[in-house]
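Down below is the structure, laid out as structure tokens.
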Amino acid sequence: MKINGVSYRSVWLDSDGWSVNIFDQTKLPWQVEVIRLTGWEQAAHAIRSMQVRGAPLIGAVAAYGVALAMREDPAKLDEILEALNETRPTAINLRWALDRQRARLHNLPLEARAAEAYAEAAAIADDDAETCRRIGENGLPLLAAIAEKKGRVNVLTHCNAGWLATVDWGTALSPIYQAHDAGIDVRVWVDETRPRNQGAALTAFELGAHGVKHTVIADNAGGHYMQHGEVDIVIVGTDRVTRTGDVANKIGTYLKALAAKDNGVPFWVALPHSTLDMRVRDGVAEIPIEERSDAEVTDMTGRTADGRIETVRVVSAGSPAANPAFDVTPARLVTGLITERGRCAATEQALLELYPEKG
Ligand code: MRU
């Protein structure tokens with residue numbers, strides 16, 4: 001996707017052929033800064049500190065982290081896989097990407113590992129970009145059908161499930177980009193997504209860069225707009241979908257699903273195959289929910305009028321804060337899933353029909 005007319009992916013190999021470039025997403029939207037990763041610890045830090053975030057992108061950067069590690073010391077494969085897997089717990093794409101690296105590398109002689117690890121990381125990145133493009137194709141008819149009736153379509157989305165969260169295109173935003181490019185009048189309500197503001201900072205940045213009409217709203221405003229007929233459809237991304245169709249996503253997604261159900265607004269979830277975790281049945285009971293620093297709740301970062309990036313405290317001194325980063329939306333609240341293979345119900349049977357090899 002494009003920034004100022006130039007096409008980028010969210011992770012790419014440097015022209016030196018071995019180091020790996022990412023955008024520092026903690027600096028967006030104020031500064032577009034590229035970080036050059038030269039070692040696996042730097043890749044692990046980028047994931048942990050959320051310089052890169054979003055389930056599919058975490059997986060791709062971890063895969064490149066393995067490649068960087070194999071250049072340094074190919075004997076340390078198991079150790080590095082374990083360390084990278086511990087960087088963030090909720091998105092299953094991380095383990096999926098590391099499992100692919102493990103499968104490709106573990107039987108190889110040490111001297112062959114680095115080249116193969118780079119090839120696998122590139123395959124994972126290319127697969128994600130193409131998968132997300134197809135998710136867009138499969139979600140587009142939902143938006144086109146609403147626009148056909150109403151002349152336009154109002155979508156609400158939560159967090160950032162755009163190209164910055166994947167390698168390219170995004171998941172929830174891919175149908176929106178494709179609808180926009182097809183000339184459909186699509187407008188997006190962007191939940192700010194406290195505490196880290198991925199909606200206000202990243203989704204708004206992306207949509208603006210692509211020329212898609214959008215309005216940032218406080219997280220609590222979505223229900224109000226649904227009651228007043230201002231939301232035609234909700235589309236969100238996800239960090240893990242269980243065998244039974246339960247959906248883990250950014251904290252606050254569950255409340256949006258409840259409001260959507262109460263107001264008869266369709267609630268769709270967009271996901272690539274790498275986000276499916278068929279070993280888990282009950283999302284609420286079984287998906288590990290990342291607990292992040294209370295400082296993300298007590299403090300906010302923004303740009304001052306004279307251009308400085310500053311962090312200020314917004315909570316009274318001494319008040320404790322809690323910060324679960326994700327929640328689980330039970331399958332019963334999900335209208336359907338948009339995947340690279342098509343759309344389906346959020347049920348075990350429908351998922352197995354679409355992905356029989358995962359049975
Ligand atoms: O904590 P984050 O920013 O990594 O959370 C991201 C999300 O919750 C996204 O909605 C999800 O990863 C889907 S990304 C296509």
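Going by the structure tokens order, chains are called A, B, ..., each with residues numbered from 1, while ligands are numbered from 1 in the order shown.
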*Around ligand 1, at most 6 Å away and counting only C-alpha atoms and all ligand atoms, which residues are there? Put them as a ChimeraX atom specification, please.*
/A:53-55,159-161,165-166,170-171,237-239,249-250
Please produce a file of the residues just selected, as a JSON list (two decimals), in the first residue's frame, where the atoms kept are all heavy atoms.
```
[["chain", "number", "residue", "atom", "x", "y", "z"],
["A", 53, "ARG", "N", 3.28, -4.52, 15.12],
["A", 53, "ARG", "CA", 2.19, -5.16, 15.85],
["A", 53, "ARG", "C", 1.16, -5.58, 14.79],
["A", 53, "ARG", "O", 1.33, -5.31, 13.61],
["A", 53, "ARG", "CB", 1.62, -4.28, 16.96],
["A", 53, "ARG", "CG", 1.76, -2.83, 16.86],
["A", 53, "ARG", "CD", 0.96, -2.23, 15.73],
["A", 53, "ARG", "NE", -0.42, -2.69, 15.78],
["A", 53, "ARG", "CZ", -1.26, -2.69, 14.78],
["A", 53, "ARG", "NH1", -0.90, -2.29, 13.59],
["A", 53, "ARG", "NH2", -2.49, -3.12, 14.92],
["A", 54, "GLY", "N", 0.08, -6.22, 15.27],
["A", 54, "GLY", "CA", -0.87, -6.80, 14.32],
["A", 54, "GLY", "C", -0.47, -8.24, 14.08],
["A", 54, "GLY", "O", 0.72, -8.54, 13.81],
["A", 55, "ALA", "N", -1.44, -9.15, 14.23],
["A", 55, "ALA", "CA", -1.12, -10.58, 14.27],
["A", 55, "ALA", "C", -0.27, -11.07, 13.08],
["A", 55, "ALA", "O", 0.79, -11.68, 13.28],
["A", 55, "ALA", "CB", -2.40, -11.38, 14.42],
["A", 159, "CYS", "N", -9.48, -1.00, 16.37],
["A", 159, "CYS", "CA", -8.04, -1.24, 16.34],
["A", 159, "CYS", "C", -7.48, -0.96, 14.94],
["A", 159, "CYS", "O", -8.05, -0.19, 14.17],
["A", 159, "CYS", "CB", -7.68, -2.64, 16.81],
["A", 159, "CYS", "SG", -5.92, -2.84, 17.21],
["A", 160, "ASN", "N", -6.37, -1.58, 14.59],
["A", 160, "ASN", "CA", -5.82, -1.47, 13.25],
["A", 160, "ASN", "C", -5.64, -2.85, 12.67],
["A", 160, "ASN", "O", -4.82, -3.63, 13.17],
["A", 160, "ASN", "CB", -4.48, -0.73, 13.24],
["A", 160, "ASN", "CG", -3.84, -0.79, 11.86],
["A", 160, "ASN", "OD1", -2.96, -1.61, 11.60],
["A", 160, "ASN", "ND2", -4.31, 0.02, 10.93],
["A", 161, "ALA", "N", -6.46, -3.15, 11.68],
["A", 161, "ALA", "CA", -6.33, -4.41, 10.94],
["A", 161, "ALA", "C", -6.12, -4.06, 9.47],
["A", 161, "ALA", "O", -6.72, -4.63, 8.57],
["A", 161, "ALA", "CB", -7.56, -5.29, 11.15],
["A", 165, "ALA", "N", -0.80, -3.79, 9.91],
["A", 165, "ALA", "CA", -0.93, -4.93, 10.83],
["A", 165, "ALA", "C", -0.61, -6.26, 10.13],
["A", 165, "ALA", "O", -0.55, -7.31, 10.78],
["A", 165, "ALA", "CB", -2.35, -4.99, 11.40],
["A", 166, "THR", "N", -0.44, -6.19, 8.82],
["A", 166, "THR", "CA", -0.15, -7.40, 8.03],
["A", 166, "THR", "C", 1.09, -7.07, 7.19],
["A", 166, "THR", "O", 1.77, -6.09, 7.45],
["A", 166, "THR", "CB", -1.34, -7.74, 7.11],
["A", 166, "THR", "OG1", -1.52, -6.67, 6.17],
["A", 166, "THR", "CG2", -2.64, -7.91, 7.92],
["A", 170, "GLY", "N", -3.90, -5.60, 4.61],
["A", 170, "GLY", "CA", -4.69, -5.71, 5.84],
["A", 170, "GLY", "C", -5.72, -6.80, 5.73],
["A", 170, "GLY", "O", -5.89, -7.45, 4.68],
["A", 171, "THR", "N", -6.43, -7.01, 6.84],
["A", 171, "THR", "CA", -7.52, -8.00, 6.83],
["A", 171, "THR", "C", -8.86, -7.24, 6.79],
["A", 171, "THR", "O", -9.48, -7.14, 5.76],
["A", 171, "THR", "CB", -7.43, -8.94, 8.04],
["A", 171, "THR", "OG1", -7.42, -8.17, 9.25],
["A", 171, "THR", "CG2", -6.18, -9.79, 7.97],
["A", 237, "GLY", "N", -10.51, -7.21, 12.55],
["A", 237, "GLY", "CA", -9.53, -8.27, 12.37],
["A", 237, "GLY", "C", -9.54, -9.17, 13.59],
["A", 237, "GLY", "O", -10.41, -9.07, 14.46],
["A", 238, "THR", "N", -8.56, -10.03, 13.71],
["A", 238, "THR", "CA", -8.49, -10.94, 14.85],
["A", 238, "THR", "C", -7.06, -11.45, 15.06],
["A", 238, "THR", "O", -6.27, -11.54, 14.11],
["A", 238, "THR", "CB", -9.46, -12.13, 14.71],
["A", 238, "THR", "OG1", -9.16, -13.11, 15.70],
["A", 238, "THR", "CG2", -9.37, -12.78, 13.34],
["A", 239, "ASP", "N", -6.78, -11.79, 16.30],
["A", 239, "ASP", "CA", -5.48, -12.36, 16.67],
["A", 239, "ASP", "C", -5.52, -13.87, 16.81],
["A", 239, "ASP", "O", -4.48, -14.53, 16.83],
["A", 239, "ASP", "CB", -4.99, -11.73, 17.97],
["A", 239, "ASP", "CG", -4.71, -10.26, 17.73],
["A", 239, "ASP", "OD1", -5.66, -9.46, 17.75],
["A", 239, "ASP", "OD2", -3.54, -9.92, 17.48],
["A", 249, "ASN", "N", -9.67, -10.52, 19.78],
["A", 249, "ASN", "CA", -9.20, -9.31, 19.09],
["A", 249, "ASN", "C", -8.98, -8.21, 20.14],
["A", 249, "ASN", "O", -9.22, -8.43, 21.33],
["A", 249, "ASN", "CB", -10.21, -8.86, 18.03],
["A", 249, "ASN", "CG", -9.62, -7.80, 17.10],
["A", 249, "ASN", "OD1", -8.46, -7.93, 16.65],
["A", 249, "ASN", "ND2", -10.36, -6.75, 16.81],
["A", 250, "LYS", "N", -8.54, -7.07, 19.68],
["A", 250, "LYS", "CA", -8.20, -5.95, 20.57],
["A", 250, "LYS", "C", -9.29, -5.68, 21.58],
["A", 250, "LYS", "O", -10.48, -5.73, 21.26],
["A", 250, "LYS", "CB", -7.95, -4.71, 19.69],
["A", 250, "LYS", "CG", -7.54, -3.47, 20.40],
["A", 250, "LYS", "CD", -6.36, -3.64, 21.33],
["A", 250, "LYS", "CE", -5.16, -4.26, 20.64],
["A", 250, "LYS", "NZ", -4.12, -4.70, 21.60]]
```
*asked:* Need the shell around A:Gly318: protein/DNA/RNA residues with any atom at most 12 Å away, counting only C-alpha atoms. Skip same-chain ones fewer than 6 positions apart. Format as an MDAnalysis selection string?
replied: chainID A and resid 294:295 298
*A:Thr193, A:Asn154, A:Thr90, A:Gln178 ranked by distance to A:Ala221, top pick (using only C-alpha atoms)*: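 Distance minimum relative to A:Ala221 lands on A:Thr193.
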*Shortest interatomic distance to A:Leu271 - which of A:Cys132, A:Val284, A:Ile184, A:Ala121, counting only C-alpha atoms*: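 Smallest separation from A:Leu271 among the options: A:Cys132.
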